[in-house]
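Chemist: Dropping in model11.txt, with compact mmCIF, C-alpha atoms.
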# COMPACT_ATOMS: atom_id res chain seq x y z
CA MET Y 1253 132.48 119.84 125.38
CA GLY Y 1254 130.62 116.57 124.93
CA GLU Y 1255 130.95 114.32 121.94
CA LEU Y 1256 128.94 115.19 118.87
CA GLU Y 1257 125.83 113.05 118.48
CA VAL Y 1258 126.18 110.58 115.63
CA LYS Y 1259 123.00 110.44 113.55
CA LYS Y 1260 121.44 107.11 112.74
CA ILE Y 1261 121.20 106.04 109.12
CA ALA Y 1262 118.17 104.38 107.51
CA LEU Y 1263 117.91 103.04 103.99
CA VAL Y 1264 114.43 102.76 102.50
CA THR Y 1265 113.75 101.15 99.13
CA GLY Y 1266 110.71 102.09 97.09
CA ALA Y 1267 110.94 105.46 98.81
CA ALA Y 1268 109.46 107.70 96.12
CA ARG Y 1269 105.82 107.13 97.02
CA GLY Y 1270 103.32 105.43 99.30
CA ILE Y 1271 104.54 103.53 102.34
CA GLY Y 1272 108.19 104.11 101.45
CA LEU Y 1273 107.80 107.88 101.37
CA ALA Y 1274 105.73 107.90 104.57
CA THR Y 1275 108.43 105.80 106.25
CA THR Y 1276 111.13 108.19 105.06
CA LYS Y 1277 109.28 111.12 106.61
CA ARG Y 1278 108.83 109.19 109.86
CA PHE Y 1279 112.56 108.59 110.18
CA LEU Y 1280 113.31 112.21 109.34
CA GLU Y 1281 110.95 113.34 112.09
CA GLU Y 1282 113.09 111.37 114.53
CA GLY Y 1283 116.30 113.00 113.32
CA TRP Y 1284 117.62 110.10 111.25
CA ILE Y 1285 119.44 110.43 107.93
CA VAL Y 1286 117.55 108.57 105.21
CA ILE Y 1287 118.88 107.06 102.01
CA MET Y 1288 115.93 107.04 99.62
CA VAL Y 1289 116.16 104.40 96.88
CA ASP Y 1290 113.78 104.05 93.95
CA TRP Y 1291 114.01 102.98 90.31
CA ASP Y 1292 111.78 105.87 89.15
CA SER Y 1293 114.09 108.89 89.00
CA THR Y 1294 111.28 111.31 88.15
CA GLU Y 1295 109.09 110.32 91.10
CA LEU Y 1296 112.11 110.19 93.41
CA GLU Y 1297 113.08 113.73 92.47
CA LYS Y 1298 109.52 114.90 93.14
CA ALA Y 1299 109.49 113.16 96.52
CA VAL Y 1300 112.81 114.62 97.65
CA LYS Y 1301 112.16 118.22 96.56
CA PRO Y 1302 109.59 119.22 99.22
CA LEU Y 1303 111.63 117.59 101.96
CA SER Y 1304 114.36 120.25 101.58
CA ASN Y 1305 116.41 118.28 104.03
CA SER Y 1306 120.16 117.80 104.19
CA ASN Y 1307 119.45 114.50 105.93
CA VAL Y 1308 118.37 112.85 102.66
CA LEU Y 1309 120.45 111.03 100.06
CA ALA Y 1310 118.49 109.99 96.96
CA ILE Y 1311 119.73 107.09 94.83
CA THR Y 1312 118.07 105.94 91.62
CA ALA Y 1313 118.56 102.20 91.32
CA ASP Y 1314 116.81 98.91 90.57
CA ILE Y 1315 117.12 96.50 93.52
CA SER Y 1316 116.48 93.50 91.27
CA LYS Y 1317 119.90 94.13 89.67
CA GLN Y 1318 122.91 92.98 91.68
CA ASP Y 1319 125.22 95.69 90.33
CA ASP Y 1320 122.71 98.38 91.34
CA VAL Y 1321 122.45 96.89 94.82
CA ARG Y 1322 126.22 96.90 95.22
CA ASP Y 1323 126.31 100.53 94.12
CA ILE Y 1324 123.66 101.48 96.68
CA ILE Y 1325 125.59 99.91 99.53
CA ASN Y 1326 128.93 101.27 98.30
CA GLN Y 1327 127.48 104.80 98.28
CA THR Y 1328 126.12 104.24 101.78
CA LYS Y 1329 129.49 103.00 103.02
CA THR Y 1330 131.40 105.86 101.40
CA GLN Y 1331 129.03 108.53 102.65
CA TYR Y 1332 128.25 107.29 106.16
CA GLY Y 1333 130.25 104.16 107.01
CA GLN Y 1334 127.30 102.60 108.83
CA LEU Y 1335 123.69 101.54 108.43
CA ASP Y 1336 121.29 101.36 111.37
CA ALA Y 1337 118.09 100.34 109.61
CA LEU Y 1338 117.26 98.72 106.30
CA VAL Y 1339 113.64 98.85 105.13
CA ASN Y 1340 113.08 96.54 102.17
CA ASN Y 1341 109.89 98.13 100.92
CA ALA Y 1342 110.23 98.18 97.12
CA GLY Y 1343 107.81 95.82 95.45
CA VAL Y 1344 105.93 94.96 92.29
CA ALA Y 1345 102.19 94.27 92.33
CA ASP Y 1346 100.95 92.20 89.40
CA PHE Y 1347 97.50 90.68 89.78
CA GLY Y 1348 95.82 88.24 87.41
CA PRO Y 1349 94.42 84.71 87.04
CA ILE Y 1350 96.86 81.79 87.27
CA GLU Y 1351 96.31 80.87 83.62
CA GLU Y 1352 97.23 84.40 82.53
CA THR Y 1353 100.31 84.68 84.74
CA THR Y 1354 103.11 84.12 82.27
CA TYR Y 1355 106.55 83.07 83.42
CA GLU Y 1356 107.81 86.53 82.47
CA ARG Y 1357 105.25 88.17 84.76
CA TRP Y 1358 106.09 85.67 87.52
CA ARG Y 1359 109.82 86.41 87.25
CA ASP Y 1360 109.24 90.18 87.19
CA VAL Y 1361 107.41 89.98 90.52
CA MET Y 1362 109.95 87.61 92.10
CA ALA Y 1363 112.93 89.63 90.84
CA THR Y 1364 111.95 92.68 92.86
CA ASN Y 1365 109.86 91.38 95.74
CA LEU Y 1366 112.01 88.38 96.69
CA ASP Y 1367 115.36 88.60 94.90
CA GLY Y 1368 115.69 92.32 95.62
CA THR Y 1369 115.00 91.81 99.32
CA PHE Y 1370 117.59 89.02 99.44
CA LEU Y 1371 120.22 91.02 97.55
CA MET Y 1372 119.77 94.22 99.56
CA THR Y 1373 120.02 92.40 102.88
CA GLN Y 1374 122.99 90.28 101.91
CA GLU Y 1375 124.96 93.27 100.65
CA ALA Y 1376 124.07 95.42 103.69
CA ILE Y 1377 125.04 92.93 106.41
CA ALA Y 1378 128.59 94.26 106.90
CA LEU Y 1379 127.33 97.81 107.45
CA LEU Y 1380 124.48 96.65 109.69
CA LYS Y 1381 126.99 94.83 111.91
CA VAL Y 1382 128.68 98.14 112.81
CA ASN Y 1383 125.89 99.22 115.18
CA SER Y 1384 123.79 96.02 115.33
CA GLY Y 1385 121.18 97.45 113.00
CA ALA Y 1386 117.63 96.39 112.23
CA ILE Y 1387 115.93 95.11 109.09
CA VAL Y 1388 112.24 95.37 108.31
CA ASN Y 1389 111.00 93.52 105.24
CA ILE Y 1390 107.65 94.61 103.88
CA ALA Y 1391 105.59 91.55 103.04
CA SER Y 1392 101.79 91.63 102.71
CA ILE Y 1393 98.61 90.20 104.09
CA SER Y 1394 98.62 88.32 100.77
CA GLY Y 1395 101.59 86.37 102.08
CA LEU Y 1396 99.55 85.15 105.05
CA ARG Y 1397 96.26 84.20 103.43
CA GLY Y 1398 95.28 82.90 100.03
CA SER Y 1399 93.37 85.06 97.59
CA THR Y 1400 92.38 85.13 93.95
CA LEU Y 1401 94.54 86.79 91.29
CA ARG Y 1402 97.68 86.83 93.46
CA THR Y 1403 99.59 83.70 92.45
CA ALA Y 1404 102.87 85.54 91.88
CA TYR Y 1405 102.40 88.42 94.31
CA GLY Y 1406 101.10 86.37 97.23
CA THR Y 1407 103.75 83.70 96.76
CA SER Y 1408 106.52 86.30 96.64
CA LYS Y 1409 105.31 87.90 99.86
CA ALA Y 1410 104.98 84.53 101.63
CA ALA Y 1411 108.58 83.89 100.61
CA VAL Y 1412 109.62 87.28 102.03
CA ILE Y 1413 108.11 86.27 105.37
CA GLN Y 1414 110.10 83.02 105.42
CA LEU Y 1415 113.24 84.82 104.25
CA SER Y 1416 112.82 87.23 107.16
CA LEU Y 1417 112.71 84.33 109.61
CA GLN Y 1418 115.85 82.84 108.11
CA GLN Y 1419 117.60 86.19 108.34
CA ALA Y 1420 116.51 86.72 111.95
CA VAL Y 1421 117.85 83.35 113.05
CA GLU Y 1422 121.18 83.68 111.28
CA LEU Y 1423 121.91 87.36 111.92
CA GLY Y 1424 120.83 87.45 115.55
CA GLU Y 1425 124.33 86.55 116.72
CA PHE Y 1426 125.50 89.88 115.32
CA GLY Y 1427 122.76 91.77 117.16
CA ILE Y 1428 120.92 92.40 113.89
CA ARG Y 1429 117.16 92.19 114.31
CA VAL Y 1430 114.91 91.20 111.40
CA ASN Y 1431 111.14 91.46 111.31
CA SER Y 1432 108.50 91.56 108.60
CA ILE Y 1433 105.39 93.67 108.33
CA CYS Y 1434 102.29 92.56 106.45
CA PRO Y 1435 100.15 95.54 105.50
CA GLY Y 1436 96.50 94.94 104.81
CA PRO Y 1437 94.52 97.16 102.43
CA VAL Y 1438 96.11 100.62 102.58
CA ARG Y 1439 94.56 103.82 101.26
CA THR Y 1440 97.28 104.72 98.79
CA LYS Y 1441 96.69 106.74 95.61
CA LEU Y 1442 97.33 103.61 93.56
CA ALA Y 1443 94.86 101.50 95.52
CA MET Y 1444 92.15 104.13 95.35
CA ALA Y 1445 92.67 104.43 91.61
CA VAL Y 1446 92.06 100.73 90.96
CA HIS Y 1447 89.68 99.72 93.76
CA THR Y 1448 86.05 100.07 92.76
CA LYS Y 1449 83.40 101.08 95.29
CA GLU Y 1450 82.33 97.43 95.38
CA ILE Y 1451 85.85 96.34 96.33
CA ILE Y 1452 86.19 99.09 98.93
CA ASP Y 1453 82.85 98.16 100.52
CA ALA Y 1454 83.82 94.46 100.54
CA TYR Y 1455 87.10 95.23 102.31
CA HIS Y 1456 85.33 97.40 104.86
CA ASP Y 1457 82.94 94.52 105.58
CA ALA Y 1458 85.77 92.01 105.97
CA ILE Y 1459 88.05 94.13 108.17
CA PRO Y 1460 87.14 94.28 111.89
CA LEU Y 1461 88.11 97.97 112.09
CA ASN Y 1462 85.87 98.58 109.05
CA ARG Y 1463 88.34 100.72 107.12
CA TYR Y 1464 91.50 100.80 105.10
CA GLY Y 1465 94.77 101.64 106.82
CA ASN Y 1466 96.82 104.65 105.86
CA GLU Y 1467 100.47 104.98 104.95
CA ASP Y 1468 101.42 106.71 108.20
CA GLU Y 1469 100.05 103.81 110.26
CA ILE Y 1470 102.31 101.38 108.41
CA ALA Y 1471 105.26 103.78 108.72
CA ASN Y 1472 104.76 104.01 112.49
CA ALA Y 1473 105.01 100.23 112.80
CA ILE Y 1474 108.12 100.13 110.60
CA TYR Y 1475 109.83 102.84 112.63
CA PHE Y 1476 108.99 101.12 115.91
CA LEU Y 1477 110.58 97.85 114.78
CA CYS Y 1478 113.71 99.74 113.68
CA SER Y 1479 113.97 101.73 116.89
CA ASP Y 1480 115.61 100.89 120.20
CA GLN Y 1481 112.11 100.46 121.65
CA ALA Y 1482 111.97 97.12 119.80
CA SER Y 1483 115.43 96.03 120.97
CA TYR Y 1484 114.28 92.52 121.98
CA ILE Y 1485 111.94 91.89 119.05
CA THR Y 1486 113.20 89.81 116.14
CA GLY Y 1487 111.89 87.05 113.89
CA GLN Y 1488 108.34 88.37 114.13
CA VAL Y 1489 105.60 88.82 111.54
CA LEU Y 1490 103.38 91.80 112.27
CA ALA Y 1491 100.14 92.18 110.34
CA VAL Y 1492 99.17 95.85 110.26
CA ASP Y 1493 95.77 95.23 108.76
CA GLY Y 1494 92.93 96.35 111.01
CA GLY Y 1495 92.37 92.73 112.06
CA PHE Y 1496 91.86 91.44 108.51
CA GLU Y 1497 94.12 88.39 108.92
CA ALA Y 1498 92.43 87.46 112.19
CA THR Y 1499 89.02 87.06 110.56
CA GLY Y 1500 89.95 83.80 108.81
CA VAL Y 1501 86.95 82.32 107.05
CA GLY Y 1502 84.38 84.18 109.15
CA LEU Y 1503 81.66 85.97 107.23
CA PRO Y 1504 80.74 89.59 108.05
CA ALA Y 1505 77.07 88.61 107.78
CA LEU Y 1506 77.50 86.31 110.81
CA ARG Y 1507 78.62 89.09 113.14
CA THR Y 1508 76.34 89.63 116.10
Since I need it in another form, could you write the structure as structure tokens?
Modeler:
Amino acid sequence: MGELEVKKIALVTGAARGIGLATTKRFLEEGWIVIMVDWDSTELEKAVKPLSNSNVLAITADISKQDDVRDIINQTKTQYGQLDALVNNAGVADFGPIEETTYERWRDVMATNLDGTFLMTQEAIALLKVNSGAIVNIASISGLRGSTLRTAYGTSKAAVIQLSLQQAVELGEFGIRVNSICPGPVRTKLAMAVHTKEIIDAYHDAIPLNRYGNEDEIANAIYFLCSDQASYITGQVLAVDGGFEATGVGLPALRT
């Protein structure tokens, strides 16, 4: 008899909804075991229930807290002894004018988006070394181009991009690959609840593909970068944005 196949293990933060949940489902489709992490226990329970899958481990935790992060990785180590992919997806979106962005709001965004990504990666390195795992950090198009109302959010995501480059350079010697993905406007329930028709139309005009992305399209890119198909890709920043970042300062009205 041949050796039993050892399943690969992925850990996804912010897994209870949106891109995180779509990414979880993508890994499950490929036969991976997924550790779903989210601070919202109610939403996490709702997300896990329909999956009805023994390949899921749900952990309620706040990645901005170092003790929680240590607990997440300790549970992973105890349960599986390895980690093949870490997807740092959890994030806080807080939009507002610079003058109204208090230090408390600034720190709240940085604590999750930047500090949490740093803490999760640092704590997971030993487990990722076991099988030369992959890390994908979810940044944002707001980390690549300036915009109004995103002083804290955009800065945090730009920092995540730079952090990813630092991680890729330093962890490459262990075979650990690190890349970041910058989603553009994505048709999530949250976005559709707060984006007016005027905003939606403006985005459609500014994006070469003339539409929002969807969660599955982002999840496909995340899975690819975590898979063996991307075995020689590290230190890269991939904008999954319908061409939004490529438009620069061009005006839709000037299109021929």
Chemist: With a cut-off of 7 Å, could you pull out the residues of range 1446-1495 of chain Y touching range 1271-1290 of chain Y and give me the nearest pair of atoms for each, distance in Å to one decimal, using only C-alpha atoms, ordered by chain and ascending number, as a Markdown table?
Modeler:
| residue | atom | partner | partner_atom | distance |
| --- | --- | --- | --- | --- |
| Y:Glu1467 | CA | Y:Ile1271 | CA | 5.0 |
| Y:Asp1468 | CA | Y:Ala1274 | CA | 5.8 |
| Y:Ile1470 | CA | Y:Ile1271 | CA | 6.8 |
| Y:Ala1471 | CA | Y:Thr1275 | CA | 4.5 |
| Y:Tyr1475 | CA | Y:Phe1279 | CA | 6.8 |
Chemist: In Å to one decimal, how far is CA of Arg1463 in chain Y from CA of Ala1445 in chain Y?
Modeler: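 So the answer is 16.5 Å.
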Chemist: Kindly give the distance, in Å, that separates CA of Asn1431 in chain Y and CA of Gln1418 in chain Y, rounded to a single decimal.
Modeler: 10.3 Å
Chemist: Considering only C-alpha atoms, give me a table of residues in range 1332-1392 of chain Y that are at most 6 Å from range 1264-1270 of chain Y, with the closest atom pair and distance in Å for each, as a tab-separated table.
Modeler:
residue	atom	partner	partner_atom	distance
Y:Val1339	CA	Y:Val1264	CA	4.8
Y:Asn1340	CA	Y:Thr1265	CA	5.6
Y:Asn1341	CA	Y:Thr1265	CA	5.2
Y:Ala1342	CA	Y:Gly1266	CA	3.9
Chemist: Point out the residue among Y:Val1361, Y:Val1382, Y:Leu1303, Y:Ile1428 with the least atom-to-atom distance to Asp1480 in chain Y, counting all atoms listed in the file.
Modeler: Y:Ile1428
Chemist: Let me make sure I understand: among Y:Gly1427, Y:Lys1301, Y:Thr1400, Y:His1447, which one has the smallest atom-to-atom distance to Gly1348 in chain Y if we use only C-alpha atoms?
Modeler: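 Nearest to Gly1348 in chain Y: Y:Thr1400.
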Chemist: Using all atoms listed in the file, pick whichever of Y:Pro1302, Y:Pro1460, Y:Gly1385, Y:Gly1333 has the shortest atom-to-atom distance to Gly1436 in chain Y.
Modeler: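 Using all atoms listed in the file, the shortest distance to Gly1436 in chain Y belongs to Y:Pro1460.
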Chemist: List the neighbours of Leu1379 in chain Y out to 9 Å using all atoms listed in the file; skip same-chain residues closer than 4 positions along the sequence, and give me the result as an NGL selection string.
Modeler: :Y and (1325 or 1328-1329 or 1333-1336 or 1375 or 1383-1385)
Chemist: State, in Å with one decimal place, the distance from CA of Tyr1455 in chain Y to CA of Leu1366 in chain Y.
Modeler: 26.4 Å
Chemist: Please check which residues have atoms at most 12 Å from (89.8, 94.3, 96.7) in the file's coordinates, counting all atoms listed in the file, and write them as a ChimeraX atom specification.
Modeler: /Y:1347,1394,1399-1402,1436-1439,1443-1459,1464
Chemist: Hey, what's within 10 Å of Arg1357 in chain Y if we count all atoms listed in the file and toss same-chain stuff fewer than 3 positions away? As a list in words, please?
Modeler: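 In the requested format, the answer is Asp1346, Phe1347, Gly1348, Glu1352, Thr1353, Thr1354, Asp1360, Val1361, Met1362, Ala1363, Ala1404 and Tyr1405 of chain Y.
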Chemist: Name the residues in contact with Gln1318 in chain Y at a cut-off of 7 Å, using only C-alpha atoms, excluding same-chain residues fewer than 3 positions from it; report them as a PyMOL selection string.
Modeler: chain Y and resi 1321-1322+1371
Chemist: Which residues are near Gly1487 in chain Y? Cut-off 9 Å, all atoms listed in the file, ignore same chain within fewer than 4 positions. Put them as a PyMOL selection string.
Modeler: chain Y and resi 1416-1421+1429-1432
Chemist: Emit the selected residues as a CSV table (one decimal), in the coordinates of the input, including C-alpha atoms.
Modeler:
chain,number,residue,atom,x,y,z
Y,1416,SER,CA,112.8,87.2,107.2
Y,1417,LEU,CA,112.7,84.3,109.6
Y,1418,GLN,CA,115.8,82.8,108.1
Y,1419,GLN,CA,117.6,86.2,108.3
Y,1420,ALA,CA,116.5,86.7,112.0
Y,1421,VAL,CA,117.8,83.4,113.0
Y,1429,ARG,CA,117.2,92.2,114.3
Y,1430,VAL,CA,114.9,91.2,111.4
Y,1431,ASN,CA,111.1,91.5,111.3
Y,1432,SER,CA,108.5,91.6,108.6
Chemist: Quick one: residues within 12 Å of Asp1320 in chain Y, all atoms listed in the file, excluding same-chain residues fewer than 3 positions away - as a list in words?
Modeler: Val1289, Asp1290, Trp1291, Ile1311, Thr1312, Ala1313, Asp1314, Ile1315, Ser1316, Lys1317, Asp1323, Ile1324, Ile1325, Asn1326, Gln1327, Gly1368, Leu1371, Met1372 and Glu1375 of chain Y
Chemist: Which one is closest to Asp1367 in chain Y: Y:Gly1343, Y:Gly1398, Y:Pro1435, Y:Gly1424? Count all atoms listed in the file.
Modeler: Y:Gly1343
Chemist: Specify the axis-aligned box that encloses all atoms of range 1444-1449 of chain Y listed in the file after padding of 4 Å on each side, stating its centre and edge lengths in Å to one decimal as lines of an AutoDock Vina configuration file.
Modeler:
center_x = 88.0
center_y = 102.1
center_z = 93.2
size_x = 17.3
size_y = 12.7
size_z = 12.4
Chemist: Here is a test: counting all atoms listed in the file, which residue of Y:Leu1338, Y:Val1300, Y:Ala1386, Y:Leu1309 is nearest to Gln1481 in chain Y?
Modeler: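 Between Y:Leu1338, Y:Val1300, Y:Ala1386, Y:Leu1309, the residue approaching Gln1481 in chain Y most closely is Y:Ala1386.
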